[in-house]
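Here is the structure we will look at.
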Amino acid sequence: MSGRAASLSRRLPRHLAPAALVLLVVSFGLFLAVEILPGDPASQALGMNAEPERTARLRAELGLDRPPAERYLDWLGGLLTGDFGISALTRQPVGPVIAEHAGRSLVLAAGALAIVVCVAVPAGILAGSRPGTAGDRATSLGALALLSVPEFVLATLLITVFAHGLGWFPPVSLVSGGSGALAEPAKLVLPTVTLAAVAGSFTARLVRAAVAEAAGSPHVEAARLAGIREPAVLARHLLPSVRAPIAQALALAIPYLAGGALVVETAFGYPGLAALVAEAAANRDAVLLGGAGMLLAAVAVTGFWLAELAGRPQWSG
């Protein structure tokens, strides 16, 4: 192992500690929120008119009669070992359900991130490389407009125009039973574009700001004054100095994708992880809500952690 790699490996646990602490706080907050939700998981599973003896028996079977602190520690330990628990409604392990929905969300997020990388990042680079031009103003205005439109409004507009108006794509993204998310690609287009617009507008603005700042640096100006053609200036002098900010912008797109997925998946009826969280909250399924919510929180925290890591000189240099 090289000296640089060894140094990075020694620093990694120190950088991971804050992210782990945030996840611990989130786990406690999520458990507390589930605890104070109206309704009891056992009563929700059996119905409000169930006999008290049956409700008490189910509560004991699910461990709901134990002190909250003990249940929290057991639940947290289960999460750390990959055991997400048993649903009070279905009496089945929630791990496979979460994994199935997470896989669908991963397909949607991967497509959206590909659009961000291929469209938003180049748009931000081109706009920032020539700040103040018409192209820069148009890109900045377009990104700001998309960023200002709520996800559900954008989803409604896309459904109205491209589904009901033009009939190009289906208005909902329900996946047929037993089929994977990629079995019907046309159903993924509108939710993927909506999700990409949410993260892409934010990413383009960050990239544009970083590139515009670097475009005014002395070495870039010197390259232009030396008569070097603009593509060469961009590739050899400008882009190498903004690798870290671009990496940060892409990492920050991950929490945007996780947060926007809740609205987008609900709007299109897409059975992903965020939709599962909404369904679990509506059904008061505490175990399912806690496991799916923690996975979403872990994705968001990972994105922020990667962005913070990319901004450190010892990692980006």
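Note on naming: chains are A, B, ... as they come in the structure tokens, residues start from 1 per chain, ligands start from 1 in the order shown.
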Please tabulate, as JSON lines, the residues of region 43-137 of chain A that come within 12 Å of region 247-260 of chain A, each with its closest pair of atoms and the distance in Å to one decimal, counting only C-alpha atoms and ordering rows by chain, then residue number upward.
```
{"residue": "A:Ala102", "atom": "CA", "partner": "A:Ala258", "partner_atom": "CA", "distance": 11.0}
{"residue": "A:Ser105", "atom": "CA", "partner": "A:Ala258", "partner_atom": "CA", "distance": 9.0}
{"residue": "A:Leu106", "atom": "CA", "partner": "A:Ala258", "partner_atom": "CA", "distance": 9.9}
{"residue": "A:Val107", "atom": "CA", "partner": "A:Leu257", "partner_atom": "CA", "distance": 11.8}
{"residue": "A:Leu108", "atom": "CA", "partner": "A:Leu257", "partner_atom": "CA", "distance": 9.3}
{"residue": "A:Ala109", "atom": "CA", "partner": "A:Leu257", "partner_atom": "CA", "distance": 6.5}
{"residue": "A:Ala110", "atom": "CA", "partner": "A:Leu257", "partner_atom": "CA", "distance": 9.6}
{"residue": "A:Gly111", "atom": "CA", "partner": "A:Leu257", "partner_atom": "CA", "distance": 10.7}
{"residue": "A:Ala112", "atom": "CA", "partner": "A:Leu257", "partner_atom": "CA", "distance": 8.0}
{"residue": "A:Leu113", "atom": "CA", "partner": "A:Ala253", "partner_atom": "CA", "distance": 7.9}
{"residue": "A:Ala114", "atom": "CA", "partner": "A:Leu250", "partner_atom": "CA", "distance": 10.5}
{"residue": "A:Ile115", "atom": "CA", "partner": "A:Leu250", "partner_atom": "CA", "distance": 11.5}
{"residue": "A:Val116", "atom": "CA", "partner": "A:Leu250", "partner_atom": "CA", "distance": 8.2}
{"residue": "A:Val117", "atom": "CA", "partner": "A:Leu250", "partner_atom": "CA", "distance": 7.8}
{"residue": "A:Cys118", "atom": "CA", "partner": "A:Leu250", "partner_atom": "CA", "distance": 11.5}
{"residue": "A:Ala120", "atom": "CA", "partner": "A:Leu250", "partner_atom": "CA", "distance": 10.0}
{"residue": "A:Val121", "atom": "CA", "partner": "A:Leu250", "partner_atom": "CA", "distance": 8.5}
{"residue": "A:Gly124", "atom": "CA", "partner": "A:Ala249", "partner_atom": "CA", "distance": 10.7}
```
Hey, what does DSSP flag as alpha helix (DSSP H) within region 138-195 of chain A? Can you give it to me as a CSV table (one decimal) with C-alpha atoms, in the first residue's frame?
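Dumped to selection14.csv:
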```csv
chain,number,residue,atom,x,y,z
A,138,ALA,CA,-30.5,30.9,-20.6
A,139,THR,CA,-29.1,27.9,-18.7
A,140,SER,CA,-29.2,29.7,-15.3
A,141,LEU,CA,-32.7,30.9,-15.9
A,142,GLY,CA,-33.9,27.4,-17.0
A,143,ALA,CA,-32.2,25.7,-14.0
A,144,LEU,CA,-33.8,28.3,-11.6
A,145,ALA,CA,-37.2,27.8,-13.2
A,146,LEU,CA,-37.0,24.0,-12.8
A,147,LEU,CA,-35.7,24.3,-9.3
A,148,SER,CA,-38.6,26.6,-8.4
A,151,GLU,CA,-42.0,18.0,-8.0
A,152,PHE,CA,-45.7,17.2,-8.0
A,153,VAL,CA,-46.4,20.2,-10.2
A,154,LEU,CA,-43.8,19.1,-12.7
A,155,ALA,CA,-45.0,15.6,-12.6
A,156,THR,CA,-48.6,16.8,-13.3
A,157,LEU,CA,-47.4,18.9,-16.2
A,158,LEU,CA,-45.5,16.0,-17.8
A,186,ALA,CA,-41.9,3.3,-21.3
A,187,LYS,CA,-43.4,3.5,-17.8
A,188,LEU,CA,-40.0,4.7,-16.4
A,189,VAL,CA,-39.6,7.7,-18.8
A,190,LEU,CA,-41.8,10.3,-17.1
A,191,PRO,CA,-40.8,9.6,-13.5
A,192,THR,CA,-37.1,9.4,-14.4
A,193,VAL,CA,-37.2,12.7,-16.3
A,194,THR,CA,-39.1,14.3,-13.4
A,195,LEU,CA,-36.6,13.1,-10.8
```
Would you mind listing what lies within 6 Å of Thr266 (chain A) as a PDB file with C-alpha atoms, in the first residue's frame, with only C-alpha atoms counted and same-chain residues fewer than 3 positions away left out?
```pdb
ATOM      1  CA  VAL A 263     -43.108  12.813  -4.327  1.00  0.00           C
ATOM      2  CA  GLY A 269     -47.770   5.283  -8.701  1.00  0.00           C
ATOM      3  CA  ALA A 275     -43.744   4.899  -2.061  1.00  0.00           C
TER       4      ALA A 275
END
```
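With only C-alpha atoms as the atoms that count, the minimum distance from Pro131 (chain A) to the choices A:Ile246, A:Val161, A:Ala99, A:Ala214 is reached by A:Ala214.
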Query - Residue with smallest distance to Ala199 (chain A) - pool A:Gln92, A:Glu70, A:Glu308, A:Pro150, counting only C-alpha atoms - result: A:Pro150
Query raised in the report: Using only C-alpha atoms, which residues sit within 12 Å of Pro93 (chain A) once same-chain residues fewer than 4 positions away are excluded, as number ranges by chain?
Result: A: 62, 78, 82-89, 97-99, 287-288, 291
Could you take the residues named above and write them with N, CA and C atoms, as a PDB file, in the first residue's frame?
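Final output, again-v5.pdb:
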```pdb
ATOM      1  N   LEU A  62     -45.132  -9.734  19.070  1.00  0.00           N
ATOM      2  CA  LEU A  62     -44.288  -8.775  18.365  1.00  0.00           C
ATOM      3  C   LEU A  62     -43.330  -8.030  19.287  1.00  0.00           C
ATOM      4  N   GLY A  78     -30.904  -5.152  15.142  1.00  0.00           N
ATOM      5  CA  GLY A  78     -31.367  -5.884  13.971  1.00  0.00           C
ATOM      6  C   GLY A  78     -30.984  -5.199  12.681  1.00  0.00           C
ATOM      7  N   GLY A  82     -28.743  -6.609   9.536  1.00  0.00           N
ATOM      8  CA  GLY A  82     -29.538  -6.894   8.344  1.00  0.00           C
ATOM      9  C   GLY A  82     -30.893  -7.486   8.621  1.00  0.00           C
ATOM     10  N   ASP A  83     -31.302  -7.554   9.889  1.00  0.00           N
ATOM     11  CA  ASP A  83     -32.622  -8.075  10.246  1.00  0.00           C
ATOM     12  C   ASP A  83     -33.562  -6.891  10.457  1.00  0.00           C
ATOM     13  N   PHE A  84     -34.468  -6.652   9.508  1.00  0.00           N
ATOM     14  CA  PHE A  84     -35.347  -5.495   9.573  1.00  0.00           C
ATOM     15  C   PHE A  84     -36.619  -5.762  10.381  1.00  0.00           C
ATOM     16  N   GLY A  85     -36.820  -6.988  10.841  1.00  0.00           N
ATOM     17  CA  GLY A  85     -37.955  -7.285  11.700  1.00  0.00           C
ATOM     18  C   GLY A  85     -39.135  -7.878  10.952  1.00  0.00           C
ATOM     19  N   ILE A  86     -40.235  -8.064  11.714  1.00  0.00           N
ATOM     20  CA  ILE A  86     -41.455  -8.694  11.214  1.00  0.00           C
ATOM     21  C   ILE A  86     -42.576  -7.669  11.188  1.00  0.00           C
ATOM     22  N   SER A  87     -43.305  -7.608  10.091  1.00  0.00           N
ATOM     23  CA  SER A  87     -44.419  -6.676   9.969  1.00  0.00           C
ATOM     24  C   SER A  87     -45.595  -7.146  10.818  1.00  0.00           C
ATOM     25  N   ALA A  88     -46.209  -6.208  11.541  1.00  0.00           N
ATOM     26  CA  ALA A  88     -47.373  -6.553  12.347  1.00  0.00           C
ATOM     27  C   ALA A  88     -48.599  -6.803  11.474  1.00  0.00           C
ATOM     28  N   LEU A  89     -48.601  -6.278  10.264  1.00  0.00           N
ATOM     29  CA  LEU A  89     -49.762  -6.429   9.394  1.00  0.00           C
ATOM     30  C   LEU A  89     -49.706  -7.718   8.586  1.00  0.00           C
ATOM     31  N   VAL A  97     -39.255  -7.296   1.334  1.00  0.00           N
ATOM     32  CA  VAL A  97     -40.131  -6.272   0.759  1.00  0.00           C
ATOM     33  C   VAL A  97     -39.351  -4.983   0.516  1.00  0.00           C
ATOM     34  N   ILE A  98     -38.553  -4.589   1.510  1.00  0.00           N
ATOM     35  CA  ILE A  98     -37.739  -3.380   1.367  1.00  0.00           C
ATOM     36  C   ILE A  98     -36.729  -3.544   0.234  1.00  0.00           C
ATOM     37  N   ALA A  99     -36.103  -4.714   0.144  1.00  0.00           N
ATOM     38  CA  ALA A  99     -35.117  -4.961  -0.907  1.00  0.00           C
ATOM     39  C   ALA A  99     -35.753  -4.882  -2.295  1.00  0.00           C
ATOM     40  N   VAL A 287     -42.700  -1.328  11.844  1.00  0.00           N
ATOM     41  CA  VAL A 287     -41.463  -2.023  11.504  1.00  0.00           C
ATOM     42  C   VAL A 287     -41.065  -1.738  10.055  1.00  0.00           C
ATOM     43  N   LEU A 288     -42.032  -1.803   9.154  1.00  0.00           N
ATOM     44  CA  LEU A 288     -41.749  -1.528   7.754  1.00  0.00           C
ATOM     45  C   LEU A 288     -41.355  -0.064   7.549  1.00  0.00           C
ATOM     46  N   GLY A 291     -37.692   0.479   8.926  1.00  0.00           N
ATOM     47  CA  GLY A 291     -36.640  -0.084   8.080  1.00  0.00           C
ATOM     48  C   GLY A 291     -36.480   0.668   6.780  1.00  0.00           C
TER      49      GLY A 291
END
```
